[in-house]
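Peer 1: What follows is my_file23.cif; its format and atoms are mmCIF, C-alpha atoms (C1' of nucleotides).
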data_structure
#
loop_
_atom_site.label_atom_id
_atom_site.label_comp_id
_atom_site.auth_asym_id
_atom_site.auth_seq_id
_atom_site.Cartn_x
_atom_site.Cartn_y
_atom_site.Cartn_z
CA MET A 1 -1.46 -0.19 -14.61
CA VAL A 2 0.46 2.89 -13.63
CA VAL A 3 -0.27 5.80 -15.90
CA ASP A 4 1.57 8.91 -14.78
CA HIS A 5 4.85 9.58 -16.47
CA LEU A 6 7.23 9.65 -13.51
CA SER A 7 5.73 6.53 -11.98
CA VAL A 8 6.32 4.59 -15.17
CA THR A 9 9.88 5.85 -15.34
CA PHE A 10 10.70 4.97 -11.75
CA ALA A 11 9.10 1.56 -12.14
CA ALA A 12 11.18 0.92 -15.24
CA LEU A 13 14.31 1.81 -13.32
CA SER A 14 13.43 -0.34 -10.33
CA ASP A 15 14.88 -3.47 -11.93
CA PRO A 16 18.63 -4.10 -11.90
CA THR A 17 18.59 -5.80 -15.30
CA ARG A 18 16.95 -2.78 -16.86
CA ARG A 19 19.32 -0.34 -15.16
CA SER A 20 22.17 -2.46 -16.41
CA ILE A 21 20.80 -2.25 -19.93
CA VAL A 22 20.51 1.50 -19.61
CA ALA A 23 24.09 1.64 -18.42
CA ARG A 24 25.20 -0.45 -21.35
CA LEU A 25 23.44 1.86 -23.77
CA THR A 26 25.48 4.81 -22.60
CA ALA A 27 28.28 3.22 -24.61
CA GLY A 28 26.16 3.52 -27.73
CA PRO A 29 23.18 1.81 -29.38
CA ALA A 30 23.05 -1.96 -29.48
CA THR A 31 20.94 -4.73 -30.90
CA VAL A 32 18.68 -6.84 -28.74
CA MET A 33 21.05 -9.78 -28.95
CA GLU A 34 23.99 -7.68 -27.90
CA LEU A 35 22.04 -6.40 -24.94
CA ALA A 36 20.92 -9.89 -23.97
CA ALA A 37 24.40 -11.41 -24.14
CA PRO A 38 25.61 -10.47 -20.63
CA PHE A 39 22.55 -11.94 -18.93
CA SER A 40 21.62 -15.51 -18.18
CA ILE A 41 17.92 -14.98 -18.73
CA SER A 42 16.12 -15.73 -21.96
CA GLN A 43 16.05 -13.48 -24.98
CA GLN A 44 12.30 -13.15 -24.55
CA ALA A 45 12.77 -11.84 -21.03
CA ILE A 46 15.17 -9.21 -22.34
CA SER A 47 12.61 -8.35 -24.98
CA LYS A 48 10.07 -7.71 -22.25
CA HIS A 49 12.52 -5.55 -20.32
CA LEU A 50 13.17 -3.52 -23.45
CA ALA A 51 9.44 -3.08 -23.90
CA TYR A 52 9.20 -1.61 -20.40
CA LEU A 53 12.13 0.70 -21.04
CA GLU A 54 10.63 1.81 -24.31
CA ASN A 55 7.23 2.34 -22.74
CA ALA A 56 8.92 4.59 -20.18
CA HIS A 57 10.64 6.45 -23.03
CA LEU A 58 13.99 5.56 -21.54
CA ILE A 59 15.06 3.98 -24.81
CA GLU A 60 13.92 3.93 -28.40
CA ARG A 61 14.01 1.00 -30.78
CA LYS A 62 14.38 1.01 -34.51
CA ARG A 63 14.22 -1.96 -36.81
CA ALA A 64 17.01 -2.44 -39.32
CA GLY A 65 16.40 -5.66 -41.13
CA ARG A 66 16.41 -8.51 -38.69
CA GLN A 67 18.04 -6.40 -36.04
CA ASN A 68 16.31 -4.04 -33.66
CA PHE A 69 18.62 -1.32 -32.51
CA CYS A 70 18.12 0.20 -29.10
CA ALA A 71 19.38 3.60 -28.06
CA ILE A 72 19.04 5.59 -24.89
CA LYS A 73 16.69 8.56 -24.75
CA PRO A 74 18.58 11.00 -22.57
CA ASP A 75 15.71 13.36 -21.83
CA THR A 76 13.82 10.88 -19.70
CA ILE A 77 16.74 10.10 -17.44
CA ARG A 78 17.18 13.81 -17.18
CA GLU A 79 13.66 14.06 -15.79
CA VAL A 80 14.64 11.69 -13.02
CA ALA A 81 17.70 13.77 -12.26
CA ASP A 82 15.63 16.92 -12.23
CA TRP A 83 13.09 15.36 -9.91
CA ALA A 84 15.70 14.23 -7.44
CA GLU A 85 17.64 17.47 -7.74
CA GLY A 86 14.53 19.25 -6.54
CA TYR A 87 15.26 17.75 -3.14
CA ARG A 88 18.83 18.95 -3.04
CA ARG A 89 17.95 21.71 -0.60
CA ILE A 90 16.84 19.08 1.87
CA TRP A 91 19.98 17.04 2.04
CA GLU A 92 22.15 20.11 1.83
CA ASN A 93 20.58 21.62 4.88
CA ASN A 94 19.93 18.21 6.36
CA PHE A 95 17.33 19.99 8.41
CA GLN A 96 14.57 18.58 10.50
CA ARG A 97 16.22 15.58 12.06
CA LEU A 98 13.44 13.67 13.69
CA ASP A 99 15.24 13.18 16.99
CA ALA A 100 15.90 16.89 17.29
CA LEU A 101 12.33 17.74 16.47
CA LEU A 102 10.87 15.38 19.02
CA ALA A 103 13.26 16.63 21.68
CA GLU A 104 12.22 20.16 20.84
CA MET A 105 8.57 19.24 21.08
CA LYS A 106 9.10 17.58 24.41
CA SER A 107 10.75 20.70 25.80
CA GLU A 108 7.76 22.71 24.63
CA LYS A 109 5.06 20.58 26.17
CA LYS A 110 3.37 23.71 27.45
CA LEU A 111 2.12 24.28 23.93
CA SER A 112 -1.57 23.63 23.47
CA PRO A 113 -2.31 20.21 21.93
CA LYS A 114 -3.68 21.98 18.87
CA SER A 115 -0.23 23.39 18.08
CA ALA A 116 1.40 20.06 18.67
CA LYS A 117 1.96 19.78 14.97
CA PRO A 118 5.60 19.91 13.93
CA ALA A 119 7.01 23.22 15.06
CA VAL A 120 9.03 23.60 11.90
CA LYS A 121 9.61 26.84 10.16
CA LYS A 122 7.51 26.65 7.04
CA ARG A 123 9.42 26.55 3.78
CA LYS A 124 8.16 26.45 0.27
CA GLU A 125 6.66 23.03 -0.09
CA HIS A 126 8.20 20.79 -2.67
CA GLU A 127 6.18 20.30 -5.80
CA THR A 128 4.07 17.19 -5.89
CA GLN A 129 4.69 14.41 -8.37
CA MET B 1 11.27 -9.64 -3.58
CA VAL B 2 13.72 -7.06 -4.81
CA VAL B 3 16.82 -6.92 -2.70
CA ASP B 4 19.34 -4.46 -4.07
CA HIS B 5 19.28 -1.03 -2.58
CA LEU B 6 18.64 1.11 -5.64
CA SER B 7 15.90 -1.18 -6.91
CA VAL B 8 14.04 -0.88 -3.63
CA THR B 9 14.41 2.87 -3.72
CA PHE B 10 13.18 3.24 -7.28
CA ALA B 11 10.29 0.90 -6.61
CA ALA B 12 9.30 2.93 -3.58
CA LEU B 13 9.32 6.08 -5.69
CA SER B 14 7.31 4.53 -8.51
CA ASP B 15 4.00 5.29 -6.80
CA PRO B 16 2.46 8.77 -6.97
CA THR B 17 0.98 8.52 -3.49
CA ARG B 18 4.39 7.76 -2.02
CA ARG B 19 6.09 10.54 -3.98
CA SER B 20 3.41 12.87 -2.75
CA ILE B 21 4.11 11.82 0.82
CA VAL B 22 7.80 12.40 0.29
CA ALA B 23 7.00 15.84 -1.08
CA ARG B 24 4.84 16.62 1.92
CA LEU B 25 7.63 15.61 4.27
CA THR B 26 9.93 18.23 2.82
CA ALA B 27 7.81 20.69 4.78
CA GLY B 28 8.74 18.90 7.98
CA PRO B 29 7.89 15.72 9.88
CA ALA B 30 4.28 14.66 10.20
CA THR B 31 2.18 12.03 11.88
CA VAL B 32 0.59 9.19 9.97
CA MET B 33 -2.83 10.78 10.25
CA GLU B 34 -1.56 14.09 8.94
CA LEU B 35 0.03 12.32 6.00
CA ALA B 36 -3.12 10.33 5.30
CA ALA B 37 -5.44 13.34 5.39
CA PRO B 38 -5.00 14.53 1.77
CA PHE B 39 -5.75 11.11 0.32
CA SER B 40 -9.01 9.30 -0.18
CA ILE B 41 -7.58 5.88 0.52
CA SER B 42 -7.70 4.14 3.88
CA GLN B 43 -5.37 4.80 6.78
CA GLN B 44 -4.15 1.23 6.48
CA ALA B 45 -3.16 1.79 2.87
CA ILE B 46 -1.13 4.83 3.92
CA SER B 47 0.44 2.71 6.61
CA LYS B 48 1.55 0.24 3.98
CA HIS B 49 2.94 3.02 1.82
CA LEU B 50 4.92 4.33 4.78
CA ALA B 51 6.27 0.83 5.38
CA TYR B 52 7.59 0.75 1.82
CA LEU B 53 9.14 4.19 2.18
CA GLU B 54 10.73 3.20 5.46
CA ASN B 55 11.99 -0.07 4.02
CA ALA B 56 13.64 1.96 1.25
CA HIS B 57 15.17 4.24 3.88
CA LEU B 58 13.42 7.19 2.29
CA ILE B 59 11.77 8.06 5.59
CA GLU B 60 12.17 7.18 9.25
CA ARG B 61 9.44 6.72 11.80
CA LYS B 62 9.50 7.31 15.50
CA ARG B 63 6.79 6.60 18.00
CA ALA B 64 5.75 9.33 20.36
CA GLY B 65 2.87 8.06 22.41
CA ARG B 66 0.01 7.22 20.12
CA GLN B 67 1.52 9.14 17.27
CA ASN B 68 4.10 7.88 14.84
CA PHE B 69 6.12 10.72 13.41
CA CYS B 70 7.57 10.38 9.95
CA ALA B 71 10.51 12.35 8.63
CA ILE B 72 12.36 12.29 5.36
CA LYS B 73 15.80 10.71 5.18
CA PRO B 74 17.59 13.00 2.75
CA ASP B 75 20.55 10.75 2.04
CA THR B 76 18.53 8.17 0.16
CA ILE B 77 16.97 10.65 -2.22
CA ARG B 78 20.45 11.96 -2.70
CA GLU B 79 21.46 8.52 -3.94
CA VAL B 80 18.80 8.74 -6.61
CA ALA B 81 20.05 12.15 -7.64
CA ASP B 82 23.61 10.88 -7.75
CA TRP B 83 22.60 7.93 -9.86
CA ALA B 84 20.75 10.05 -12.38
CA GLU B 85 23.45 12.71 -12.36
CA GLY B 86 25.86 10.04 -13.51
CA TYR B 87 24.09 10.21 -16.86
CA ARG B 88 24.48 13.95 -17.18
CA ARG B 89 27.12 13.55 -19.88
CA ILE B 90 24.58 11.79 -22.03
CA TRP B 91 21.89 14.39 -22.12
CA GLU B 92 24.39 17.20 -22.24
CA ASN B 93 26.03 15.85 -25.35
CA ASN B 94 22.79 14.31 -26.57
CA PHE B 95 25.05 12.09 -28.59
CA GLN B 96 24.27 8.95 -30.49
CA ARG B 97 20.90 9.74 -31.95
CA LEU B 98 19.65 6.46 -33.31
CA ASP B 99 18.55 7.87 -36.66
CA ALA B 100 21.94 9.40 -37.24
CA LEU B 101 23.68 6.20 -36.32
CA LEU B 102 21.61 4.07 -38.64
CA ALA B 103 22.08 6.51 -41.47
CA GLU B 104 25.79 6.39 -40.86
CA MET B 105 25.75 2.62 -40.87
CA LYS B 106 23.80 2.55 -44.09
CA SER B 107 26.33 4.80 -45.78
CA GLU B 108 29.05 2.41 -44.65
CA LYS B 109 27.50 -0.78 -45.91
CA LYS B 110 30.83 -1.76 -47.45
CA LEU B 111 31.98 -2.64 -43.96
CA SER B 112 32.30 -6.34 -43.30
CA PRO B 113 29.29 -7.77 -41.49
CA LYS B 114 31.48 -8.46 -38.48
CA SER B 115 32.08 -4.74 -37.94
CA ALA B 116 28.41 -3.97 -38.35
CA LYS B 117 28.24 -3.34 -34.65
CA PRO B 118 27.55 0.28 -33.72
CA ALA B 119 30.36 2.37 -35.11
CA VAL B 120 30.33 4.64 -32.11
CA LYS B 121 33.41 6.17 -30.60
CA LYS B 122 33.94 4.25 -27.41
CA ARG B 123 33.58 6.24 -24.23
CA LYS B 124 33.99 5.23 -20.66
CA GLU B 125 31.09 2.96 -19.95
CA HIS B 126 28.69 4.08 -17.28
CA GLU B 127 28.90 2.20 -14.04
CA THR B 128 26.38 -0.55 -13.60
CA GLN B 129 23.68 -0.38 -10.98
"C1'" DA C 1 -12.97 3.04 34.54
"C1'" DT C 2 -14.67 4.23 29.97
"C1'" DG C 3 -14.27 5.64 25.68
"C1'" DA C 4 -12.03 7.67 21.75
"C1'" DT C 5 -7.93 8.19 18.89
"C1'" DC C 6 -3.68 6.72 16.49
"C1'" DC C 7 -1.81 3.25 14.15
"C1'" DA C 8 -0.34 -1.33 12.30
"C1'" DC C 9 -1.19 -6.31 11.70
"C1'" DA C 10 -3.70 -9.98 9.08
"C1'" DA C 11 -6.43 -11.84 5.54
"C1'" DC C 12 -8.21 -11.20 1.31
"C1'" DC C 13 -8.63 -9.67 -3.77
"C1'" DA C 14 -7.40 -8.02 -8.49
"C1'" DT C 15 -3.76 -6.79 -11.21
"C1'" DA C 16 1.17 -6.19 -12.47
"C1'" DT C 17 5.78 -8.08 -12.78
"C1'" DG C 18 9.62 -11.12 -13.99
"C1'" DG C 19 10.49 -15.19 -15.50
"C1'" DT C 20 9.61 -19.50 -18.41
"C1'" DT C 21 8.48 -22.28 -22.86
"C1'" DG C 22 6.55 -22.51 -27.41
"C1'" DT C 23 6.09 -20.44 -31.67
"C1'" DG C 24 6.49 -17.97 -35.92
"C1'" DG C 25 7.41 -13.85 -39.11
"C1'" DA C 26 11.06 -11.48 -41.39
"C1'" DT C 27 15.27 -11.15 -42.96
"C1'" DA C 28 20.00 -12.71 -44.06
"C1'" DA C 29 23.17 -16.33 -45.43
"C1'" DC C 30 24.14 -20.32 -48.06
"C1'" DG D 1 15.12 -22.74 -52.24
"C1'" DT D 2 16.72 -23.95 -47.67
"C1'" DT D 3 18.31 -22.91 -43.53
"C1'" DA D 4 19.76 -20.16 -39.81
"C1'" DT D 5 19.36 -15.84 -37.16
"C1'" DC D 6 17.03 -11.97 -34.86
"C1'" DC D 7 13.32 -10.83 -32.39
"C1'" DA D 8 8.60 -10.40 -30.39
"C1'" DC D 9 4.03 -12.38 -29.45
"C1'" DA D 10 1.19 -15.54 -26.50
"C1'" DA D 11 0.23 -18.44 -22.73
"C1'" DC D 12 1.49 -19.75 -18.46
"C1'" DC D 13 3.31 -19.48 -13.48
"C1'" DA D 14 4.81 -17.60 -8.90
"C1'" DT D 15 5.27 -13.61 -6.43
"C1'" DA D 16 4.71 -8.60 -5.47
"C1'" DT D 17 1.77 -4.59 -5.24
"C1'" DG D 18 -2.02 -1.53 -4.01
"C1'" DG D 19 -6.13 -1.55 -2.34
"C1'" DT D 20 -9.94 -3.27 0.87
"C1'" DT D 21 -12.15 -4.72 5.54
"C1'" DG D 22 -11.69 -6.43 10.16
"C1'" DT D 23 -9.38 -6.06 14.30
"C1'" DG D 24 -6.91 -4.85 18.39
"C1'" DG D 25 -2.94 -2.84 21.24
"C1'" DA D 26 -1.46 1.46 23.19
"C1'" DT D 27 -2.14 5.70 24.58
"C1'" DC D 28 -4.69 9.89 25.61
"C1'" DA D 29 -8.99 12.32 27.27
"C1'" DT D 30 -13.01 12.28 30.20
#
As structure tokens - that is how I would like this structure written.
Peer 2:
Amino acid sequence: MVVDHLSVTFAALSDPTRRSIVARLTAGPATVMELAAPFSISQQAISKHLAYLENAHLIERKRAGRQNFCAIKPDTIREVADWAEGYRRIWENNFQRLDALLAEMKSEKKLSPKSAKPAVKKRKEHETQ
Amino acid sequence: MVVDHLSVTFAALSDPTRRSIVARLTAGPATVMELAAPFSISQQAISKHLAYLENAHLIERKRAGRQNFCAIKPDTIREVADWAEGYRRIWENNFQRLDALLAEMKSEKKLSPKSAKPAVKKRKEHETQ
DNA sequence: ATGATCCACAACCATATGGTTGTGGATAAC
DNA sequence: GTTATCCACAACCATATGGTTGTGGATCAT
């Protein structure tokens, strides 16, 4: 089973049903039955989806009598946004097109094979994870 | 198999090895061997990871002789950022704490059961997917 | 020509995922 | 007290995933 935080979050978001549930919860908390209503799958399947979302801390559940209210946990989605935002610099500059790089390398064939590694100006490497 | 675009992307990003590869590629294109070097798993496993990343349009590959250069495709990560950014309103306002909502509901028990649904001011629902 | 290097395809395995049905505990409604 | 409703647990199934080993086609170096 995946253990690291971001992996669990991304995995939870990799299902359209779960993303749809998250979207629904932006309109406010809802019971399990309310969340299940729009879908054609079983209530148990929704229950499993909610378990994944809760495990990823994307939602929280709280019992109130028979009902189990679900609400979004904004901080975790924020982590996803922060992660992706970290790559903003890349798409802004849109640097290092592969075609351009290979063309550049070809025109510099005189370089020794040892320096055949990408001739790209080194920038601060993006944080791992 | 998952088919919709965002699901494929999130699934591809739900593995720490693949996210690490993406992070590495922010420093510029690299060959498969260069990408595999930091990891203790087999070259074939890396090859499979790259196939997933390519299938999700997170990277592109281009043969150059024996070598297969990989480069990041910024636009797809941007889609992830855009998706998550769509939820900015939520974490900014940090509205609809579940505890608060349930407390509010409890203090309004005189409401008819039919209106027991979340008494939350309706806002524009977040787009699905 | 020979051999080494880069890389991906295929087959296999263990586990996770997304769904099902069956069931039953609480709680609410009557 | 009975009955209906809300919800999750368990067992099961088919497929996907992340890894392995084995292999071999190209290409480069000698």
Peer 1: Evaluate the PyMOL selection byres ((chain D and resi 16-19) around 8) and record the selected residues as a list in words, following the chain and residue labels used in the document.
Peer 2: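 Evaluating the PyMOL selection byres ((chain D and resi 16-19) around 8) on this file yields Met1 and Ala45 of chain B; DA16 and DT17 of chain C; DT15 and DT20 of chain D.
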Peer 1: Do you have the CA of Pro29 (chain B)-CA of Val8 (chain A) distance handy?
Peer 2: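 One can read the CA of Pro29 (chain B) to CA of Val8 (chain A) distance as 27.5 Å.
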Peer 1: Each residue of chain D with at least one atom at most 10 Å from region 5-13 of chain C should appear once, together with its nearest atom pair and the corresponding distance in Å (one decimal); atoms considered: all atoms listed in the file; ordering: chain, then increasing residue number; output as CSV.
Peer 2:
residue,atom,partner,partner_atom,distance
D:DG19,C1',C:DC13,C1',8.6
D:DT20,C1',C:DC13,C1',8.0
D:DT21,C1',C:DC12,C1',8.7
D:DG22,C1',C:DA10,C1',8.8
D:DT23,C1',C:DC9,C1',8.6
D:DG24,C1',C:DC9,C1',8.9
D:DG25,C1',C:DC7,C1',9.4
D:DA26,C1',C:DC6,C1',8.8
D:DT27,C1',C:DC6,C1',8.3
D:DC28,C1',C:DT5,C1',7.7
D:DA29,C1',C:DT5,C1',9.4
Peer 1: Determine the nearest neighbour of chain C from the options B:Glu92, B:Glu34, B:Glu60, B:Asp82, counting only C-alpha atoms (C1' of nucleotides).
Peer 2: B:Glu34
Peer 1: Given the file shown, determine the residues that the PyMOL selection byres ((chain A and resi 86) around 10) selects; report them as a count of residues only.
Peer 2: 15
Peer 1: Run the PyMOL selection byres ((chain A) within 10 of (chain D)) on the file and write out the hits as JSON, numbers by chain.
Peer 2: {"A": [31, 32, 33, 43, 44, 47, 48, 51, 63, 65, 66, 67, 68]}
Peer 1: Those same residues, written as a short mmCIF file (atom, residue, chain, number, x, y, z; two decimals), in the coordinates of the input with C-alpha atoms?
Peer 2:
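result09.cif, written as the output of this step:
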data_model
loop_
_atom_site.label_atom_id
_atom_site.label_comp_id
_atom_site.auth_asym_id
_atom_site.auth_seq_id
_atom_site.Cartn_x
_atom_site.Cartn_y
_atom_site.Cartn_z
CA THR A 31 20.94 -4.73 -30.90
CA VAL A 32 18.68 -6.84 -28.74
CA MET A 33 21.05 -9.78 -28.95
CA GLN A 43 16.05 -13.48 -24.98
CA GLN A 44 12.30 -13.15 -24.55
CA SER A 47 12.61 -8.35 -24.98
CA LYS A 48 10.07 -7.71 -22.25
CA ALA A 51 9.44 -3.08 -23.90
CA ARG A 63 14.22 -1.96 -36.81
CA GLY A 65 16.40 -5.66 -41.13
CA ARG A 66 16.41 -8.51 -38.69
CA GLN A 67 18.04 -6.40 -36.04
CA ASN A 68 16.31 -4.04 -33.66
#
Peer 1: Identify all chain C residues at most 12 Å from chain A by counting all atoms listed in the file; ligands do not count. Present them as a list of chain:residue names.
Peer 2: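 Every residue meeting the condition is included here: C:DA14, C:DT15, C:DA16, C:DT17, C:DG18, C:DG19, C:DT20, C:DT21, C:DG22, C:DT23, C:DG25, C:DA26, C:DT27, C:DA28.
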Peer 1: Given the selection you just returned, output its residues as a file containing C-alpha atoms (C1' of nucleotides), formatted as an mmCIF file, in the coordinates of the input.
Peer 2:
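Listed below is the output, selection.cif:
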data_model
loop_
_atom_site.group_PDB
_atom_site.id
_atom_site.type_symbol
_atom_site.label_atom_id
_atom_site.label_comp_id
_atom_site.auth_asym_id
_atom_site.auth_seq_id
_atom_site.Cartn_x
_atom_site.Cartn_y
_atom_site.Cartn_z
ATOM 1 C "C1'" DA C 14 -7.400 -8.020 -8.490
ATOM 2 C "C1'" DT C 15 -3.760 -6.790 -11.210
ATOM 3 C "C1'" DA C 16 1.170 -6.190 -12.470
ATOM 4 C "C1'" DT C 17 5.780 -8.080 -12.780
ATOM 5 C "C1'" DG C 18 9.620 -11.120 -13.990
ATOM 6 C "C1'" DG C 19 10.490 -15.190 -15.500
ATOM 7 C "C1'" DT C 20 9.610 -19.500 -18.410
ATOM 8 C "C1'" DT C 21 8.480 -22.280 -22.860
ATOM 9 C "C1'" DG C 22 6.550 -22.510 -27.410
ATOM 10 C "C1'" DT C 23 6.090 -20.440 -31.670
ATOM 11 C "C1'" DG C 25 7.410 -13.850 -39.110
ATOM 12 C "C1'" DA C 26 11.060 -11.480 -41.390
ATOM 13 C "C1'" DT C 27 15.270 -11.150 -42.960
ATOM 14 C "C1'" DA C 28 20.000 -12.710 -44.060
#
Peer 1: Interatomic distance between CA of Gly28 (chain B) and CA of Phe69 (chain B)?
Peer 2: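 Taking CA of Gly28 (chain B) as the start and CA of Phe69 (chain B) as the end point, the length is 10.2 Å.
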Peer 1: If you measure from CA of Trp91 (chain A) to CA of Arg24 (chain B), what distance in Å do you get, rounded to one decimal?
Peer 2: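 A separation of 15.1 Å between them.
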